[in-house]
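Data file: final_13.txt. Format and content: compact mmCIF, C-alpha atoms and all ligand atoms.
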```txt
# COMPACT_ATOMS: atom_id res chain seq x y z
CA MET A 28 -6.21 -18.30 -33.45
CA VAL A 29 -5.22 -16.86 -30.10
CA LYS A 30 -1.59 -16.97 -28.97
CA CYS A 31 -0.56 -18.68 -25.70
CA GLN A 32 -0.46 -16.13 -22.83
CA ALA A 33 2.80 -17.56 -21.43
CA CYS A 34 5.18 -18.22 -24.35
CA ARG A 35 3.35 -15.83 -26.75
CA THR A 36 4.69 -17.82 -29.70
CA ARG A 37 2.60 -20.98 -29.99
CA PHE A 38 -1.17 -21.01 -30.48
CA ALA A 39 -3.35 -21.58 -27.42
CA GLU A 40 -5.05 -24.95 -27.07
CA ILE A 41 -6.20 -25.03 -23.44
CA VAL A 42 -8.44 -22.68 -21.46
CA GLU A 43 -8.15 -23.43 -17.75
CA SER A 44 -8.91 -21.57 -14.50
CA ASP A 45 -7.53 -22.19 -11.06
CA GLU A 46 -9.36 -19.36 -9.39
CA SER A 47 -11.60 -17.23 -11.51
CA GLU A 48 -13.74 -18.28 -14.43
CA SER A 49 -13.82 -14.71 -15.63
CA HIS A 50 -10.12 -14.63 -16.57
CA PRO A 51 -8.88 -18.18 -17.23
CA TYR A 52 -5.39 -19.11 -18.41
CA VAL A 53 -5.22 -19.43 -22.19
CA LEU A 54 -2.21 -21.65 -22.93
CA CYS A 55 -0.51 -23.97 -25.37
CA SER A 56 -0.27 -27.55 -24.12
CA SER A 57 3.46 -27.25 -23.26
CA CYS A 58 2.99 -24.12 -21.14
CA TYR A 59 -0.08 -25.68 -19.52
CA ASN A 60 2.04 -28.67 -18.44
CA ARG A 61 4.68 -26.31 -17.08
CA LEU A 62 2.01 -24.35 -15.17
CA ILE A 63 0.67 -27.43 -13.39
CA ASN A 64 4.19 -28.80 -12.74
CA THR A 65 5.43 -25.39 -11.53
CA THR A 66 8.20 -25.40 -14.14
CA LEU A 67 7.45 -22.20 -16.05
CA ARG A 68 10.57 -20.41 -17.26
CA PRO A 69 11.05 -16.80 -15.97
CA LEU A 70 9.71 -15.04 -19.10
CA GLU A 71 6.67 -17.35 -19.24
CA TYR A 72 6.02 -16.57 -15.58
CA PHE A 73 6.43 -12.84 -16.31
CA ASN A 74 3.97 -12.91 -19.22
CA LEU A 75 1.38 -14.87 -17.29
CA LYS A 76 1.70 -13.00 -13.99
CA ALA A 77 1.26 -9.63 -15.74
CA ILE A 78 -2.17 -10.82 -16.91
CA HIS A 79 -3.34 -12.88 -13.93
CA GLY A 80 -1.68 -11.36 -10.85
CA ASP A 81 -1.40 -13.36 -7.62
CA THR A 82 -3.19 -16.59 -8.45
CA PRO A 83 -2.52 -19.85 -6.54
CA SER A 84 -0.52 -21.28 -9.48
CA LEU A 85 1.72 -18.18 -9.68
CA SER A 86 2.07 -17.43 -5.97
CA GLU A 87 5.22 -16.20 -4.26
CA TYR A 88 5.53 -19.65 -2.64
CA LEU A 89 5.99 -21.25 -6.05
CA TYR A 90 8.09 -18.62 -7.87
CA ASP A 91 10.45 -15.94 -6.61
CA GLU A 92 10.25 -12.32 -7.70
CA ASN A 93 12.37 -13.06 -10.78
CA GLY A 94 10.21 -15.94 -11.94
CA VAL A 95 12.53 -18.71 -10.70
CA ALA A 96 10.48 -21.83 -9.86
CA LEU A 97 10.94 -22.65 -6.16
CA LYS A 98 9.09 -25.97 -6.01
CA PRO A 99 9.24 -27.54 -9.49
CA SER A 100 7.88 -31.08 -9.66
CA GLU A 101 10.31 -31.86 -12.49
CA GLU A 102 13.44 -30.23 -13.89
CA VAL A 103 13.00 -26.72 -15.30
CA VAL A 104 14.41 -26.57 -18.84
CA HIS A 105 16.01 -23.13 -19.02
CA LYS A 106 16.66 -21.16 -22.21
CA ASP A 107 18.47 -17.83 -22.52
CA SER A 108 15.62 -16.46 -24.61
CA LEU A 109 13.19 -17.17 -21.73
CA ALA A 110 15.12 -15.28 -19.04
CA PHE A 111 13.35 -12.69 -16.87
CA PRO A 112 13.31 -9.30 -18.67
CA LYS A 113 16.17 -6.97 -17.77
CA LEU A 114 15.15 -3.38 -17.14
CA GLU A 115 17.84 -1.96 -19.46
CA ASN A 116 16.40 -4.00 -22.34
CA ILE A 117 12.78 -2.87 -21.94
CA LYS A 118 13.20 0.85 -21.25
CA ASP A 119 11.70 1.77 -24.63
CA ASP A 120 8.74 -0.59 -24.33
CA CYS A 121 5.79 0.95 -22.48
CA GLU A 122 3.80 -2.30 -22.20
CA MET A 123 6.75 -4.29 -20.86
CA LEU A 124 7.59 -1.52 -18.37
CA ILE A 125 4.03 -1.53 -17.03
CA SER A 126 4.11 -5.33 -16.67
CA TYR A 127 7.53 -5.13 -15.01
CA SER A 128 6.33 -2.46 -12.57
CA ILE A 129 3.20 -4.27 -11.43
CA LEU A 130 5.11 -7.55 -11.01
CA ARG A 131 7.71 -6.23 -8.58
CA TRP A 132 6.86 -6.65 -4.91
CA ASN A 133 8.07 -3.09 -4.26
CA TRP A 134 8.07 -0.23 -6.74
CA ASP A 135 11.23 -0.13 -8.84
CA GLU A 136 12.23 3.53 -9.02
CA GLU A 137 14.22 3.07 -12.22
CA ALA A 138 11.27 1.43 -13.97
CA ILE A 139 8.93 4.20 -12.80
CA TYR A 140 11.40 6.82 -14.06
CA ALA A 141 11.55 5.10 -17.46
CA LEU A 142 7.76 4.85 -17.60
CA GLU A 143 7.29 8.55 -16.83
CA LYS A 144 8.92 9.38 -20.17
CA PHE A 145 6.00 7.86 -22.09
CA ASP A 146 2.86 9.70 -23.13
CA LYS A 147 0.37 9.62 -20.23
CA ALA A 148 -2.48 8.82 -22.64
CA GLU A 149 -0.67 5.67 -23.77
CA ILE A 150 -0.09 4.56 -20.16
CA LEU A 151 -3.68 5.25 -19.15
CA PHE A 152 -5.00 3.35 -22.18
CA SER A 153 -2.94 0.31 -21.17
CA LEU A 154 -3.91 0.48 -17.46
CA ASN A 155 -7.59 0.77 -18.38
CA ARG A 156 -7.38 -2.21 -20.74
CA ARG A 157 -5.56 -4.34 -18.18
CA ILE A 158 -8.04 -3.62 -15.39
CA ASN A 159 -11.01 -4.31 -17.66
CA GLU A 160 -9.47 -7.66 -18.54
CA ASN A 161 -8.81 -8.57 -14.92
CA ARG A 162 -10.05 -6.53 -11.96
CA GLU A 163 -7.92 -8.69 -9.62
CA LEU A 164 -5.02 -6.47 -10.69
CA SER A 165 -6.74 -3.36 -9.35
CA ASP A 166 -4.51 -2.67 -6.32
CA LYS A 167 -1.31 -2.55 -8.38
CA ILE A 168 -2.91 -0.73 -11.32
CA TYR A 169 -4.46 2.04 -9.20
CA ASP A 170 -1.24 2.49 -7.24
CA LEU A 171 0.75 2.73 -10.47
CA ALA A 172 -1.74 5.29 -11.83
CA SER A 173 -1.29 7.36 -8.66
CA ILE A 174 2.51 7.33 -9.08
CA VAL A 175 2.97 7.89 -12.84
CA LEU A 176 -0.26 9.66 -13.85
CA GLY A 177 -1.42 11.63 -10.78
CA PRO A 178 -4.06 14.28 -11.64
CA TYR A 179 -3.98 13.23 -15.32
CA ALA A 180 -6.03 10.15 -14.30
CA ASP A 181 -8.62 12.13 -12.29
CA ASP A 182 -11.71 11.40 -14.42
CA TRP A 183 -10.66 7.78 -14.90
CA ILE A 184 -10.34 7.26 -11.13
CA ARG A 185 -13.75 8.92 -10.55
CA ALA A 186 -15.28 6.48 -13.04
CA GLU A 187 -13.42 3.48 -11.55
CA TRP A 188 -14.51 4.50 -8.03
CA ARG A 189 -18.14 4.10 -9.08
CA LEU A 190 -17.37 0.43 -9.87
CA ARG A 191 -15.84 -0.28 -6.44
CA ASP A 192 -16.65 -3.21 -4.20
CA LYS A 193 -18.72 -1.89 -1.27
CA LYS A 194 -16.41 -3.53 1.30
CA TYR A 195 -12.98 -3.90 -0.26
CA PHE A 196 -12.19 -0.39 -1.43
CA TYR A 197 -8.92 0.48 0.28
CA VAL A 198 -7.17 -0.46 -2.99
CA TYR A 199 -8.38 2.95 -4.24
CA ALA A 200 -6.88 4.99 -1.39
CA GLU A 201 -3.57 5.93 -3.08
CA ALA A 202 -5.28 6.88 -6.34
CA LEU A 203 -7.99 8.92 -4.61
CA ALA A 204 -5.29 10.74 -2.63
CA ARG A 205 -2.95 11.51 -5.57
CA CYS A 206 -5.12 11.66 -8.69
CA LEU A 207 -7.88 13.83 -7.19
CA PRO A 208 -7.75 16.99 -5.06
CA VAL A 209 -7.07 15.48 -1.62
CA SER A 210 -10.26 16.90 -0.05
CA GLU A 211 -12.37 15.32 -2.82
CA GLY A 212 -10.67 11.91 -2.59
CA PHE A 213 -10.90 11.98 1.20
CA TYR A 214 -14.63 12.82 1.01
CA TYR A 215 -15.38 9.86 -1.30
CA PHE A 216 -13.34 7.49 0.84
CA THR A 217 -14.84 8.48 4.20
CA GLU A 218 -18.39 8.50 2.79
CA ALA A 219 -17.81 4.91 1.68
CA ILE A 220 -16.52 4.01 5.17
CA HIS A 221 -19.73 5.45 6.66
CA GLU A 222 -21.77 3.23 4.36
CA SER A 223 -19.78 0.05 5.08
CA GLU A 224 -20.22 -2.60 7.76
CA LYS A 225 -17.83 -2.87 10.70
CA ASP A 226 -15.92 -5.98 9.59
CA ASP A 227 -12.27 -6.73 8.80
CA PHE A 228 -12.47 -4.66 5.63
CA TYR A 229 -13.75 -1.74 7.71
CA PHE A 230 -10.57 -1.71 9.80
CA GLY A 231 -8.44 -2.01 6.65
CA ASN A 232 -10.25 1.02 5.29
CA ILE A 233 -9.68 2.99 8.51
CA SER A 234 -5.92 2.37 8.47
CA SER A 235 -5.82 3.29 4.76
CA LEU A 236 -6.78 6.85 5.72
CA ARG A 237 -3.04 7.25 6.39
CA VAL A 238 -2.22 7.51 2.69
CA PHE A 239 -4.09 10.84 2.46
CA GLN A 240 -1.69 12.42 5.03
CA TYR A 241 -4.52 14.91 5.44
CA LYS A 242 -5.34 16.98 8.50
CA GLY A 243 -9.06 16.36 7.93
CA THR A 244 -8.40 12.76 8.99
CA LEU A 245 -7.87 13.97 12.58
CA ASP A 246 -11.27 15.73 12.67
CA TRP A 247 -12.87 12.69 11.07
CA ILE A 248 -11.38 10.34 13.68
CA GLU A 249 -12.45 12.70 16.46
CA ASN A 250 -16.05 12.60 15.23
CA ASN A 251 -16.24 8.93 14.29
CA VAL A 252 -14.21 6.71 16.61
CA PRO A 253 -16.69 4.65 18.68
CA LYS A 254 -16.64 5.63 22.37
CA ASP A 255 -16.05 2.01 23.43
CA GLU A 256 -13.37 1.31 20.78
CA LYS A 257 -10.79 -1.18 22.09
CA ASP A 258 -8.85 -1.89 18.86
CA ILE A 259 -7.24 1.52 18.56
CA SER A 260 -4.16 0.65 16.46
CA ARG A 261 -5.85 1.26 13.06
CA TRP A 262 -7.05 4.68 14.20
CA SER A 263 -3.69 5.73 15.59
CA LEU A 264 -1.85 4.47 12.49
CA ALA A 265 -4.00 6.83 10.41
CA ALA A 266 -3.78 9.75 12.87
CA ALA A 267 0.00 9.60 13.39
CA VAL A 268 0.79 10.50 9.75
CA SER A 269 -1.99 13.06 9.23
CA GLN A 270 -0.15 16.28 10.16
CA LEU A 271 -0.65 15.55 13.86
CA ASP A 272 0.40 18.41 16.14
CA TRP A 273 0.86 18.68 19.88
CA ALA A 274 -2.29 20.81 20.33
CA ARG A 275 -4.34 17.86 18.98
CA VAL A 276 -2.51 15.32 21.17
CA LYS A 277 -3.14 17.51 24.22
CA LYS A 278 -6.82 17.88 23.32
CA TRP A 279 -7.31 14.11 22.84
CA ILE A 280 -5.48 13.34 26.09
CA SER A 281 -7.86 15.68 27.93
CA MET A 282 -10.80 13.73 26.45
CA GLY A 283 -9.77 10.37 27.98
CA PRO A 284 -10.20 7.02 26.19
CA PRO A 285 -10.43 6.13 23.38
CA LEU A 286 -9.01 9.36 21.84
CA GLY A 287 -6.52 9.80 24.70
CA ILE A 288 -5.04 6.35 24.23
CA ILE A 289 -4.99 6.87 20.43
CA ALA A 290 -2.95 10.06 21.04
CA LEU A 291 -0.45 8.13 23.20
CA ASP A 292 -0.24 5.40 20.57
CA CYS A 293 0.50 8.04 17.91
CA LEU A 294 3.56 9.03 19.95
CA VAL A 295 4.65 5.37 19.86
CA TYR A 296 4.39 5.52 16.04
CA CYS A 297 6.60 8.62 16.12
CA ILE A 298 9.23 6.55 17.97
CA ALA A 299 8.83 3.72 15.45
CA SER A 300 9.29 6.19 12.58
CA SER A 301 12.63 7.31 14.03
CA MET A 302 14.02 3.77 13.66
CA PRO A 303 15.90 2.69 10.50
CA ARG A 304 13.23 2.52 7.77
CA GLU A 305 14.63 -0.40 5.81
CA GLU A 306 14.20 -2.74 8.77
CA ALA A 307 10.66 -1.75 9.55
CA PHE A 308 7.38 -3.13 8.27
CA TRP A 309 6.10 0.47 8.00
CA LYS A 310 8.96 1.41 5.65
CA ASN A 311 6.53 2.22 2.85
CA ASP A 312 4.33 4.38 5.07
CA PRO A 313 4.79 8.13 5.44
CA PRO A 314 6.76 8.98 8.61
CA ALA A 315 4.86 9.78 11.81
CA ILE A 316 5.88 13.26 12.94
CA LEU A 317 4.67 15.34 15.89
CA HIS A 318 4.33 18.92 14.66
CA ASP A 319 4.61 22.05 16.83
CA PRO A 320 5.67 20.39 20.11
CA ASP A 321 5.61 22.25 23.44
CA THR A 322 8.48 22.16 25.96
CA ILE A 323 9.32 18.69 27.30
CA GLU A 324 8.30 19.85 30.77
CA ASN A 325 4.85 20.95 29.62
CA MET A 326 4.33 17.84 27.51
CA ASN A 327 5.30 15.58 30.44
CA GLU A 328 2.73 17.37 32.59
CA VAL A 329 0.02 16.66 30.00
CA LEU A 330 1.02 12.98 29.73
CA ASP A 331 0.91 12.64 33.53
CA SER A 332 -2.56 14.21 33.59
CA TYR A 333 -3.85 11.28 31.54
CA THR A 334 -3.44 8.88 34.47
CA THR A 335 -6.35 10.64 36.21
CA LYS A 336 -8.59 9.63 33.27
CA ASP A 337 -7.35 6.08 32.74
CA ASP A 338 -5.90 4.08 35.64
CA ASN A 339 -4.86 1.10 33.50
CA LYS A 340 -1.45 -0.14 34.73
CA ASN A 341 -0.11 -0.58 31.18
CA VAL A 342 -1.01 3.02 30.37
CA LYS A 343 1.13 4.22 33.28
CA LEU A 344 4.06 2.17 31.99
CA LEU A 345 3.51 3.51 28.48
CA ILE A 346 3.55 7.10 29.73
CA GLU A 347 6.83 6.50 31.60
CA THR A 348 8.34 5.07 28.39
CA LEU A 349 7.15 8.02 26.31
CA LYS A 350 8.58 10.53 28.82
CA LYS A 351 12.02 8.90 28.49
CA ASN A 352 11.95 8.95 24.69
CA TRP A 353 11.09 12.48 23.61
CA HIS A 354 14.34 12.60 21.61
CA LEU A 355 12.98 9.70 19.49
CA ILE A 356 9.40 11.02 19.34
CA LEU A 357 10.74 14.36 18.08
CA HIS A 358 13.25 12.62 15.77
CA GLN A 359 16.01 14.73 17.34
CA GLU A 360 18.72 12.07 17.25
CA LYS A 361 18.07 11.48 13.60
CA GLN A 362 18.34 15.21 12.79
CA GLU A 363 21.64 15.48 14.71
CA GLN A 364 23.03 12.47 12.84
CA GLU A 365 21.98 13.90 9.51
CA GLY A 366 23.63 17.21 10.48
CA THR A 367 26.87 15.38 11.33
CA GLU A 368 26.85 13.55 8.02
CA VAL A 369 26.52 16.83 6.12
CA THR A 370 29.49 18.45 7.90
CA GLU A 371 31.66 15.38 7.30
ZN ZN B 1 2.87 -21.48 -24.58
```

Translate the structure of the given file into structure tokens.
Ligand SMILES: [Zn+2]
Amino acid sequence: MVKCQACRTRFAEIVESDESESHPYVLCSSCYNRLINTTLRPLEYFNLKAIHGDTPSLSEYLYDENGVALKPSEEVVHKDSLAFPKLENIKDDCEMLISYSILRWNWDEEAIYALEKFDKAEILFSLNRRINENRELSDKIYDLASIVLGPYADDWIRAEWRLRDKKYFYVYAEALARCLPVSEGFYYFTEAIHESEKDDFYFGNISSLRVFQYKGTLDWIENNVPKDEKDISRWSLAAAVSQLDWARVKKWISMGPPLGIIALDCLVYCIASSMPREEAFWKNDPPAILHDPDTIENMNEVLDSYTTKDDNKNVKLLIETLKKNWHLILHQEKQEQEGTEVTE
């Protein structure tokens, strides 16, 4: 008989789905009651979440990151043996470390470090098994592969890529960028964008180009942004972290909208990147940096020239703001502060 997925001690009696018939919960009657009453204990939550991912019954609204029930419909009966796993107790257990890593909302560096000590073949075997059992886990699994396996997982990622959903494929971006040579991963990703429809997924895929941090992204944007594009933020988010240099900004500004306004928006991202990272929603993104700047005087002249190509009032205000904030765009304050800290 099969063991219960939550307690892993009693035999399973109930097979129930709340979202997908392809990977239902397989539970003993006690754990099933706790699932529907939102009274799972932390270890039961951990065991179940590692298999099922973000399902409605295990959502972040019902349990916190450590498996504590937030809205139990009756009292949760705690037991020490059912506490959430502590990292120091699972450092020698590859399977538990993988579960722990994919459950955290942000990557836990200590867990990743512990996982990197295991044989890559063992990790890949586990990731492949987990994704075949439940493809809903794909975003976390591919990201984990990109972090701990890198080029070791190249053939696996090529094979997984062939199984992708034709719309929702930005979950592959990190793995394509880090497990394959970047030019190869970028080629696959942009070819898939070409073949996709221009819907919400399309814009998600465009902004995911940022994870490649690849100069080719700038050429690709130049050749592919629609001439009448109004929603430029996804394009500029990708461009700002793709080795953008002043020569490119100057070129795009000379071309007028939409590339000109994308170039200005990239400079806004450079300002945003100079702010404290921990407070920002882009804290997990690579920093936006303007490479090879010209003199402030020359750059101001180029910014001013844009007003002859776009007489939008907001654009004029934006240019005035950018001209006052070169120290932030060029991250100069940050560098000075870092220098001061070193000498102290
Ligand atoms: Zn059970």

Fill in: Counting all atoms listed in the file, the option among A:Asp227, A:Glu43, A:Glu249, A:Asp119 closest to A:Pro284
A:Glu249

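Residues in contact with A:Val103 at 12 Å, where all atoms listed in the file are counted and same-chain residues fewer than 4 positions away are skipped, are listed as Cys58, Asn60, Arg61, Leu62, Asn64, Thr65, Thr66, Leu67, Arg68, Pro69, Glu71, Gly94, Val95, Ala96, Leu97, Lys98, Pro99 and Leu109 of chain A.
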
Dump as a Markdown table the rows for residues of chain A within 7 Å of ligand ZN 1 (chain B): closest atom pair and distance in Å with one decimal, all atoms listed in the file counted, ordered by chain and rising residue number.
```
| residue | atom | partner | partner_atom | distance |
| --- | --- | --- | --- | --- |
| A:Cys31 | CA | B:ZN1 | ZN | 4.6 |
| A:Gln32 | CA | B:ZN1 | ZN | 6.5 |
| A:Ala33 | CA | B:ZN1 | ZN | 5.0 |
| A:Cys34 | CA | B:ZN1 | ZN | 4.0 |
| A:Arg35 | CA | B:ZN1 | ZN | 6.1 |
| A:Thr36 | CA | B:ZN1 | ZN | 6.6 |
| A:Arg37 | CA | B:ZN1 | ZN | 5.4 |
| A:Ala39 | CA | B:ZN1 | ZN | 6.8 |
| A:Leu54 | CA | B:ZN1 | ZN | 5.3 |
| A:Cys55 | CA | B:ZN1 | ZN | 4.3 |
| A:Ser56 | CA | B:ZN1 | ZN | 6.8 |
| A:Ser57 | CA | B:ZN1 | ZN | 5.9 |
| A:Cys58 | CA | B:ZN1 | ZN | 4.3 |
```

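The two atoms in question, atom CA of A:Tyr215 and atom CA of A:Leu151, are spaced 21.8 Å apart.
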
Worksheet item: What would the list of residues within 9 Å of (-5.7, 5.2, 20.8) (file frame) look like as a PyMOL selection string, if only C-alpha atoms are what count?
Response: chain A and resi 256-263+284-293

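The spacing separating atom CA of A:Ala265 from atom CA of A:Ser235 amounts to 6.9 Å.
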
Could you extract stretch 257-282 of chain A of the given structure into a file holding N, CA, C and O atoms, as a PDB file, in the first residue's frame?
```
ATOM      1  N   LYS A 257       3.313  50.986 -27.293  1.00  0.00           N
ATOM      2  CA  LYS A 257       3.036  51.973 -26.235  1.00  0.00           C
ATOM      3  C   LYS A 257       3.477  51.441 -24.864  1.00  0.00           C
ATOM      4  O   LYS A 257       3.872  52.203 -23.999  1.00  0.00           O
ATOM      5  N   ASP A 258       3.382  50.116 -24.676  1.00  0.00           N
ATOM      6  CA  ASP A 258       3.739  49.520 -23.383  1.00  0.00           C
ATOM      7  C   ASP A 258       5.227  49.184 -23.406  1.00  0.00           C
ATOM      8  O   ASP A 258       5.627  48.058 -23.689  1.00  0.00           O
ATOM      9  N   ILE A 259       6.059  50.177 -23.114  1.00  0.00           N
ATOM     10  CA  ILE A 259       7.498  49.990 -23.327  1.00  0.00           C
ATOM     11  C   ILE A 259       8.228  49.406 -22.112  1.00  0.00           C
ATOM     12  O   ILE A 259       9.379  49.023 -22.216  1.00  0.00           O
ATOM     13  N   SER A 260       7.547  49.312 -20.954  1.00  0.00           N
ATOM     14  CA  SER A 260       8.276  48.964 -19.724  1.00  0.00           C
ATOM     15  C   SER A 260       8.936  47.577 -19.793  1.00  0.00           C
ATOM     16  O   SER A 260      10.037  47.388 -19.289  1.00  0.00           O
ATOM     17  N   ARG A 261       8.267  46.595 -20.433  1.00  0.00           N
ATOM     18  CA  ARG A 261       8.856  45.245 -20.517  1.00  0.00           C
ATOM     19  C   ARG A 261      10.139  45.256 -21.351  1.00  0.00           C
ATOM     20  O   ARG A 261      11.090  44.551 -21.052  1.00  0.00           O
ATOM     21  N   TRP A 262      10.113  46.066 -22.405  1.00  0.00           N
ATOM     22  CA  TRP A 262      11.281  46.147 -23.294  1.00  0.00           C
ATOM     23  C   TRP A 262      12.443  46.829 -22.578  1.00  0.00           C
ATOM     24  O   TRP A 262      13.589  46.392 -22.664  1.00  0.00           O
ATOM     25  N   SER A 263      12.121  47.906 -21.865  1.00  0.00           N
ATOM     26  CA  SER A 263      13.219  48.629 -21.203  1.00  0.00           C
ATOM     27  C   SER A 263      13.764  47.835 -20.017  1.00  0.00           C
ATOM     28  O   SER A 263      14.963  47.873 -19.745  1.00  0.00           O
ATOM     29  N   LEU A 264      12.903  47.078 -19.339  1.00  0.00           N
ATOM     30  CA  LEU A 264      13.378  46.229 -18.236  1.00  0.00           C
ATOM     31  C   LEU A 264      14.425  45.239 -18.755  1.00  0.00           C
ATOM     32  O   LEU A 264      15.464  45.015 -18.133  1.00  0.00           O
ATOM     33  N   ALA A 265      14.150  44.661 -19.931  1.00  0.00           N
ATOM     34  CA  ALA A 265      15.106  43.715 -20.524  1.00  0.00           C
ATOM     35  C   ALA A 265      16.369  44.426 -21.002  1.00  0.00           C
ATOM     36  O   ALA A 265      17.487  43.956 -20.780  1.00  0.00           O
ATOM     37  N   ALA A 266      16.201  45.595 -21.642  1.00  0.00           N
ATOM     38  CA  ALA A 266      17.360  46.294 -22.220  1.00  0.00           C
ATOM     39  C   ALA A 266      18.311  46.819 -21.142  1.00  0.00           C
ATOM     40  O   ALA A 266      19.533  46.765 -21.288  1.00  0.00           O
ATOM     41  N   ALA A 267      17.738  47.313 -20.038  1.00  0.00           N
ATOM     42  CA  ALA A 267      18.547  48.014 -19.024  1.00  0.00           C
ATOM     43  C   ALA A 267      19.614  47.128 -18.387  1.00  0.00           C
ATOM     44  O   ALA A 267      20.629  47.630 -17.909  1.00  0.00           O
ATOM     45  N   VAL A 268      19.403  45.803 -18.389  1.00  0.00           N
ATOM     46  CA  VAL A 268      20.359  44.905 -17.721  1.00  0.00           C
ATOM     47  C   VAL A 268      21.137  44.056 -18.740  1.00  0.00           C
ATOM     48  O   VAL A 268      21.757  43.066 -18.383  1.00  0.00           O
ATOM     49  N   SER A 269      21.102  44.479 -20.013  1.00  0.00           N
ATOM     50  CA  SER A 269      21.739  43.675 -21.066  1.00  0.00           C
ATOM     51  C   SER A 269      22.993  44.362 -21.610  1.00  0.00           C
ATOM     52  O   SER A 269      23.139  44.561 -22.812  1.00  0.00           O
ATOM     53  N   GLN A 270      23.887  44.731 -20.694  1.00  0.00           N
ATOM     54  CA  GLN A 270      25.164  45.364 -21.068  1.00  0.00           C
ATOM     55  C   GLN A 270      24.942  46.646 -21.882  1.00  0.00           C
ATOM     56  O   GLN A 270      25.669  46.925 -22.849  1.00  0.00           O
ATOM     57  N   LEU A 271      23.938  47.402 -21.497  1.00  0.00           N
ATOM     58  CA  LEU A 271      23.595  48.640 -22.203  1.00  0.00           C
ATOM     59  C   LEU A 271      24.729  49.662 -22.079  1.00  0.00           C
ATOM     60  O   LEU A 271      25.221  49.906 -20.985  1.00  0.00           O
ATOM     61  N   ASP A 272      25.137  50.254 -23.194  1.00  0.00           N
ATOM     62  CA  ASP A 272      26.147  51.318 -23.111  1.00  0.00           C
ATOM     63  C   ASP A 272      25.583  52.630 -23.680  1.00  0.00           C
ATOM     64  O   ASP A 272      24.517  52.649 -24.291  1.00  0.00           O
ATOM     65  N   TRP A 273      26.326  53.699 -23.430  1.00  0.00           N
ATOM     66  CA  TRP A 273      25.838  55.013 -23.836  1.00  0.00           C
ATOM     67  C   TRP A 273      25.677  55.109 -25.360  1.00  0.00           C
ATOM     68  O   TRP A 273      24.752  55.742 -25.858  1.00  0.00           O
ATOM     69  N   ALA A 274      26.581  54.477 -26.112  1.00  0.00           N
ATOM     70  CA  ALA A 274      26.493  54.544 -27.577  1.00  0.00           C
ATOM     71  C   ALA A 274      25.125  54.044 -28.047  1.00  0.00           C
ATOM     72  O   ALA A 274      24.513  54.601 -28.966  1.00  0.00           O
ATOM     73  N   ARG A 275      24.619  52.975 -27.392  1.00  0.00           N
ATOM     74  CA  ARG A 275      23.315  52.409 -27.762  1.00  0.00           C
ATOM     75  C   ARG A 275      22.190  53.371 -27.363  1.00  0.00           C
ATOM     76  O   ARG A 275      21.256  53.590 -28.125  1.00  0.00           O
ATOM     77  N   VAL A 276      22.305  53.942 -26.166  1.00  0.00           N
ATOM     78  CA  VAL A 276      21.278  54.898 -25.708  1.00  0.00           C
ATOM     79  C   VAL A 276      21.202  56.066 -26.686  1.00  0.00           C
ATOM     80  O   VAL A 276      20.117  56.486 -27.119  1.00  0.00           O
ATOM     81  N   LYS A 277      22.363  56.565 -27.069  1.00  0.00           N
ATOM     82  CA  LYS A 277      22.438  57.712 -27.995  1.00  0.00           C
ATOM     83  C   LYS A 277      21.798  57.351 -29.342  1.00  0.00           C
ATOM     84  O   LYS A 277      21.021  58.123 -29.910  1.00  0.00           O
ATOM     85  N   LYS A 278      22.111  56.136 -29.820  1.00  0.00           N
ATOM     86  CA  LYS A 278      21.556  55.684 -31.101  1.00  0.00           C
ATOM     87  C   LYS A 278      20.028  55.602 -31.024  1.00  0.00           C
ATOM     88  O   LYS A 278      19.318  56.080 -31.913  1.00  0.00           O
ATOM     89  N   TRP A 279      19.505  54.992 -29.957  1.00  0.00           N
ATOM     90  CA  TRP A 279      18.051  54.826 -29.818  1.00  0.00           C
ATOM     91  C   TRP A 279      17.364  56.179 -29.675  1.00  0.00           C
ATOM     92  O   TRP A 279      16.275  56.373 -30.222  1.00  0.00           O
ATOM     93  N   ILE A 280      18.011  57.106 -28.944  1.00  0.00           N
ATOM     94  CA  ILE A 280      17.416  58.438 -28.789  1.00  0.00           C
ATOM     95  C   ILE A 280      17.304  59.118 -30.153  1.00  0.00           C
ATOM     96  O   ILE A 280      16.305  59.762 -30.468  1.00  0.00           O
ATOM     97  N   SER A 281      18.308  58.919 -30.998  1.00  0.00           N
ATOM     98  CA  SER A 281      18.276  59.547 -32.332  1.00  0.00           C
ATOM     99  C   SER A 281      17.190  58.939 -33.213  1.00  0.00           C
ATOM    100  O   SER A 281      16.792  59.519 -34.220  1.00  0.00           O
ATOM    101  N   MET A 282      16.704  57.746 -32.844  1.00  0.00           N
ATOM    102  CA  MET A 282      15.696  57.063 -33.670  1.00  0.00           C
ATOM    103  C   MET A 282      14.264  57.435 -33.270  1.00  0.00           C
ATOM    104  O   MET A 282      13.309  56.981 -33.903  1.00  0.00           O
TER     105      MET A 282
END
```
